[in-house]
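Below: the structure, in C-alpha cells.
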Amino acid sequence: MLGLIEEDFMHLLDNPIRSDELLVKTVDIKHRFYASSSEPMSHKELIELARDVGDEHLIELYNDHSLGYAENGGSLDLRRELATLYGPEISAENIVVFPGAQTGMTITTQALLHPGDHAIVVTPSYQSLEEGIKYAGAEFTRVMLSPDNNWQIDVSAVEATIRGNTKYIVLNDPHNPSGALLSADTKRALVALAEENDILIFSDEVYRLLELDPSDRSNSIAELSSNGIALGTMAKPFGCGGMCIGWVACQDKSIIEKLRKAQHLFAVCFSRAGEIQAMMALRVRDKIVEKNMQIIYENLELLKDYFSRNQDLFEWMPPQAGGTGFVKFKGPISADELAEELLGQEILVFGSAIFDCDEELKQYFRIGFSRRTMPAALKAFEEFVEERRAQWGHPRR
C-alpha cells in the first residue's frame with residue numbers, strides 16, 4: 001500500500017516522538033513488555049570483561065583520559081573499532097559517530113535532503129526515521145509492509161513510488177517492530193534499484209548482530225553499495241545505551257564529510273568516557289552478544305509456548321532477529337485500546353499507533369523480549385488476558 005505525504009517545513013517539536021512521550025509518562029511502570037534493547041550492562045561488568053581479555057590499556061585510558069573536546073565525528077581509535085563490524089569496504093574514514101543512533105538518523109536525513117526532494121519510507125517503522133524527512137521539508141511516500149509477505153519489502157512497490165526527485169529510501173533491517181530480516185536477494189534488488197535511479201538507501205541496522213541464526217545475517221547496506229548508508233548503535237545489541245554512542249557508515253566519503261559537518265553543528269563532540277567504554281565493549285562483543293542472545297532464546301521459548309496455547313486471541317510470525325515481535329490481537333477491541341488497558345495494569349506494550357500503521361495493521365502491537373524481566377511481564381500479561389477472556393467472547397473451554 002502506498003501513500004504520498006506532502007509536508008511543509010515542520011518545527012522540531014511539532015510532532016513529538018510518540019514512543020518517547022509514552023516512556024516519559026511510564027518511567028516507573030512495573031512491566032516493560034515493550035523493551036527492545038538488550039539487557040543493560042553495568043560499568044563494573046564491562047571492566048571485568050576488558051580485564052579478562054587483557055585490555056588493561058583501555059582501563060587505564062578510561063581512568064586517566066582528557067576531559068577536553070574529543071574528535072569531531074568520533075575519535076579515530078573508536079572509528080577503527082567500529083570498522084571491524086564491517087567488511088573491507090568500510091574503514092575508519094567511512095564512519096561518523098553521533099551521540100546516539102536517534103541523533104544520527106535525524107541529522108543524516110537533514111544533511112542529505114532538501115525542500116522539494118522526495119523520499120520513500122518503508123513502514124511500519126521507528127517514527128524518527130520519518131520525522132527527519134519532515135524536518136528537511138521533503139515529501140515522502142510510505143510503502144507498507146505486510147505479514148502476508150512475511151514483512152518482506154516488495155521491491156516492485158518501492159519502484160512504483162520513484163519519482164524524478166526521489167533521493168532517499170529509508171528502511172530498517174532487522175525490522176522493528178516485526179523482527180523480520182530482509183532476504184539477501186531482496187537487499188540486492190533494492191541496491192540495484194537505488195543505483196539505477198541514483199537514490200541513497202538509509203538502513204537503520206540497530207538490531208544487527210542479534211540474528212537468531214547468525215547464518216541469516218547478510219551484508220550491511222553500507223558494504224553492498226556506495227549508495228548505502230547504515231546506522232548502528234551500542235544500545236540494542238550490546239545493552240550499552242548509556243554510552244550514548246551511535247554511528248553512520250557509508251562508502252561515499254563525500255557523504256561522510258557532509259555528515260561530519262552536520263554532526264559538528266549539532267553536537268561538536270562526545271563524551272570521551274563513552275568512546276572508551278564503547279571500545280571495551282566492541283573488543284569483547286562476541287561474549288556480550290552471546291550472553292544477550294541466550295536471554296532472547298530463553299524468552300522466545302516462553303513466548304512461543306504462550307502464543308501456541310492462545311491462538312484464538314493472538315497471532316504472530318516468530319521473529320528472525322532483534323528483541324521485538326509484532327503480535328496480532330484477535331479480540332473485540334483494537335490493539336491501541338488493548339495497550340491502553342494493559343497500561344492501566346502497569347504493563348507497557350506499543351500499540352499500532354506508535355508506528356503509523358494503516359487500517360490493515362490496527363490490530364497489531366509490539367512486544368519486547370530481550371531482557372531478563374520479560375518472564376515476569378509475560379506472566380502479568382497472561383493473568384490480564386485470562387481475567388478478560390470471557391468478556392472478549394473467548395472463554396476457556
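Residue names in the C-alpha cells use chain letters A, B, ... in the order shown, residue numbers from 1 in each chain, and ligand numbers from 1 in the order shown.
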
Next on the checklist: Quick one: residues within 7 Å of Ser226 in chain A, only C-alpha atoms, excluding same-chain residues fewer than 2 positions away - as a list in words?
Outcome noted: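 Contacts, with the query itself left out: Ala222, Gly228, Cys250, Gln251 and Asp252 of chain A.
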
Checklist entry - range 84-177 of chain A: which residues are alpha helix (DSSP H) by DSSP, as a list in words? => result Ala101, Gln102, Thr103, Gly104, Met105, Thr106, Ile107, Thr108, Thr109, Gln110, Ala111, Leu112, Gln127, Ser128, Leu129, Glu130, Glu131, Gly132, Ile133, Lys134, Tyr135, Val155, Ser156, Ala157, Val158, Glu159, Ala160 and Thr161 of chain A

Checklist entry - Between CA of Asp64 in chain A and CA of Gly232 in chain A, what is the distance, to one decimal in Å? => result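 Result for CA of Asp64 in chain A versus CA of Gly232 in chain A: 27.6 Å, one decimal.
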
Looking only at strand (DSSP E or B) from DSSP on the backbone, list the matching residues of range 80-326 of chain A as a PDB file with C-alpha atoms, in the first residue's frame.
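As written to disk, states29.pdb reads:
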```pdb
ATOM      1  CA  ILE A  95      32.315   6.241   9.740  1.00  0.00           C
ATOM      2  CA  VAL A  96      30.852   9.237  11.554  1.00  0.00           C
ATOM      3  CA  VAL A  97      29.989   8.889  15.234  1.00  0.00           C
ATOM      4  CA  PHE A  98      26.932  10.597  16.719  1.00  0.00           C
ATOM      5  CA  HIS A 118      11.104  13.134  -2.361  1.00  0.00           C
ATOM      6  CA  ALA A 119      11.810  10.125  -0.128  1.00  0.00           C
ATOM      7  CA  ILE A 120      10.366   6.637   0.260  1.00  0.00           C
ATOM      8  CA  VAL A 121       9.727   5.300   3.772  1.00  0.00           C
ATOM      9  CA  VAL A 122       9.255   1.572   4.351  1.00  0.00           C
ATOM     10  CA  THR A 123       6.787   1.278   7.213  1.00  0.00           C
ATOM     11  CA  GLU A 139       7.851  14.940   0.584  1.00  0.00           C
ATOM     12  CA  PHE A 140       7.672  11.211   1.180  1.00  0.00           C
ATOM     13  CA  THR A 141       5.681   8.160   0.218  1.00  0.00           C
ATOM     14  CA  ARG A 142       5.050   5.276   2.581  1.00  0.00           C
ATOM     15  CA  VAL A 143       5.414   1.717   1.337  1.00  0.00           C
ATOM     16  CA  MET A 144       3.638  -0.579   3.784  1.00  0.00           C
ATOM     17  CA  THR A 166      13.330  10.825  -5.339  1.00  0.00           C
ATOM     18  CA  LYS A 167      16.595  10.990  -3.424  1.00  0.00           C
ATOM     19  CA  TYR A 168      16.242   8.686  -0.438  1.00  0.00           C
ATOM     20  CA  ILE A 169      14.849   5.301   0.618  1.00  0.00           C
ATOM     21  CA  VAL A 170      14.511   4.708   4.368  1.00  0.00           C
ATOM     22  CA  LEU A 171      14.124   1.271   5.942  1.00  0.00           C
ATOM     23  CA  ASN A 172      15.205  -0.702   8.963  1.00  0.00           C
ATOM     24  CA  LEU A 200      20.500   6.728  -1.455  1.00  0.00           C
ATOM     25  CA  ILE A 201      19.336   3.920   0.855  1.00  0.00           C
ATOM     26  CA  PHE A 202      19.397   4.696   4.564  1.00  0.00           C
ATOM     27  CA  SER A 203      19.212   1.424   6.503  1.00  0.00           C
ATOM     28  CA  ASP A 204      18.575   1.538  10.243  1.00  0.00           C
ATOM     29  CA  GLU A 211      20.027 -12.582  14.392  1.00  0.00           C
ATOM     30  CA  GLY A 228      24.094   2.611   1.059  1.00  0.00           C
ATOM     31  CA  ILE A 229      24.136   4.347   4.447  1.00  0.00           C
ATOM     32  CA  ALA A 230      23.988   2.169   7.588  1.00  0.00           C
ATOM     33  CA  LEU A 231      23.050   3.209  11.121  1.00  0.00           C
ATOM     34  CA  GLY A 232      24.426   1.415  14.192  1.00  0.00           C
ATOM     35  CA  THR A 233      24.279   1.778  17.963  1.00  0.00           C
ATOM     36  CA  GLY A 246      25.666   5.728  17.589  1.00  0.00           C
ATOM     37  CA  TRP A 247      27.269   5.874  14.162  1.00  0.00           C
ATOM     38  CA  VAL A 248      26.697   6.008  10.435  1.00  0.00           C
ATOM     39  CA  ALA A 249      28.785   4.046   7.916  1.00  0.00           C
ATOM     40  CA  CYS A 250      28.992   4.807   4.202  1.00  0.00           C
ATOM     41  CA  PHE A 314      -3.129 -13.919  19.221  1.00  0.00           C
ATOM     42  CA  GLU A 315      -1.162 -14.483  16.049  1.00  0.00           C
ATOM     43  CA  TRP A 316       2.419 -13.668  15.196  1.00  0.00           C
ATOM     44  CA  ALA A 321      16.341 -11.048  14.675  1.00  0.00           C
ATOM     45  CA  THR A 324      10.896  -7.260  19.152  1.00  0.00           C
ATOM     46  CA  GLY A 325       7.822  -9.024  17.835  1.00  0.00           C
ATOM     47  CA  PHE A 326       4.627  -7.677  16.254  1.00  0.00           C
TER      48      PHE A 326
END
```

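Ranking A:Thr108, A:Ser75, A:Gln277, A:Thr161 by their shortest atom-to-atom distance to Gly241 in chain A, with only C-alpha atoms included, puts A:Gln277 first.
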
Item to check | Interatomic distance, CA of Gly179 in chain A to CA of Glu359 in chain A (Å, one decimal) | outcome: 20.6 Å

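Counting from CA of Val289 in chain A, the distance to CA of Thr84 in chain A is 15.2 Å.
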
At a cut-off of 8 Å, using only C-alpha atoms, what residues contact Arg260 in chain A? Leave out same-chain residues fewer than 3 positions from it and give the result as a compact mmCIF listing (two decimals) with C-alpha atoms, in the first residue's frame.
```txt
# COMPACT_ATOMS: atom_id res chain seq x y z
CA ASN A 72 34.62 15.77 15.79
CA GLY A 73 32.87 12.87 14.12
CA VAL A 96 30.85 9.24 11.55
CA ILE A 256 30.78 11.23 5.23
CA GLU A 257 32.17 14.76 5.01
CA GLN A 263 27.34 16.46 13.37
CA HIS A 264 29.65 19.31 14.42
```

Next on the checklist: Given only C-alpha atoms as the basis, pick out the residue of A:Ile162, A:Leu85, A:Lys187, A:Trp151 nearest to His175 in chain A.
Outcome noted: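 Smallest separation from His175 in chain A among the options: A:Trp151.
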
Checklist entry - What lies within 12 Å of Gly239 in chain A using only C-alpha atoms, ignoring chain neighbours under 6 positions off, as a ChimeraX atom specification? => result /A:35-43,45-46,206-207,210,233,245,278,281-282,285,288-289,291-293,323,370-371
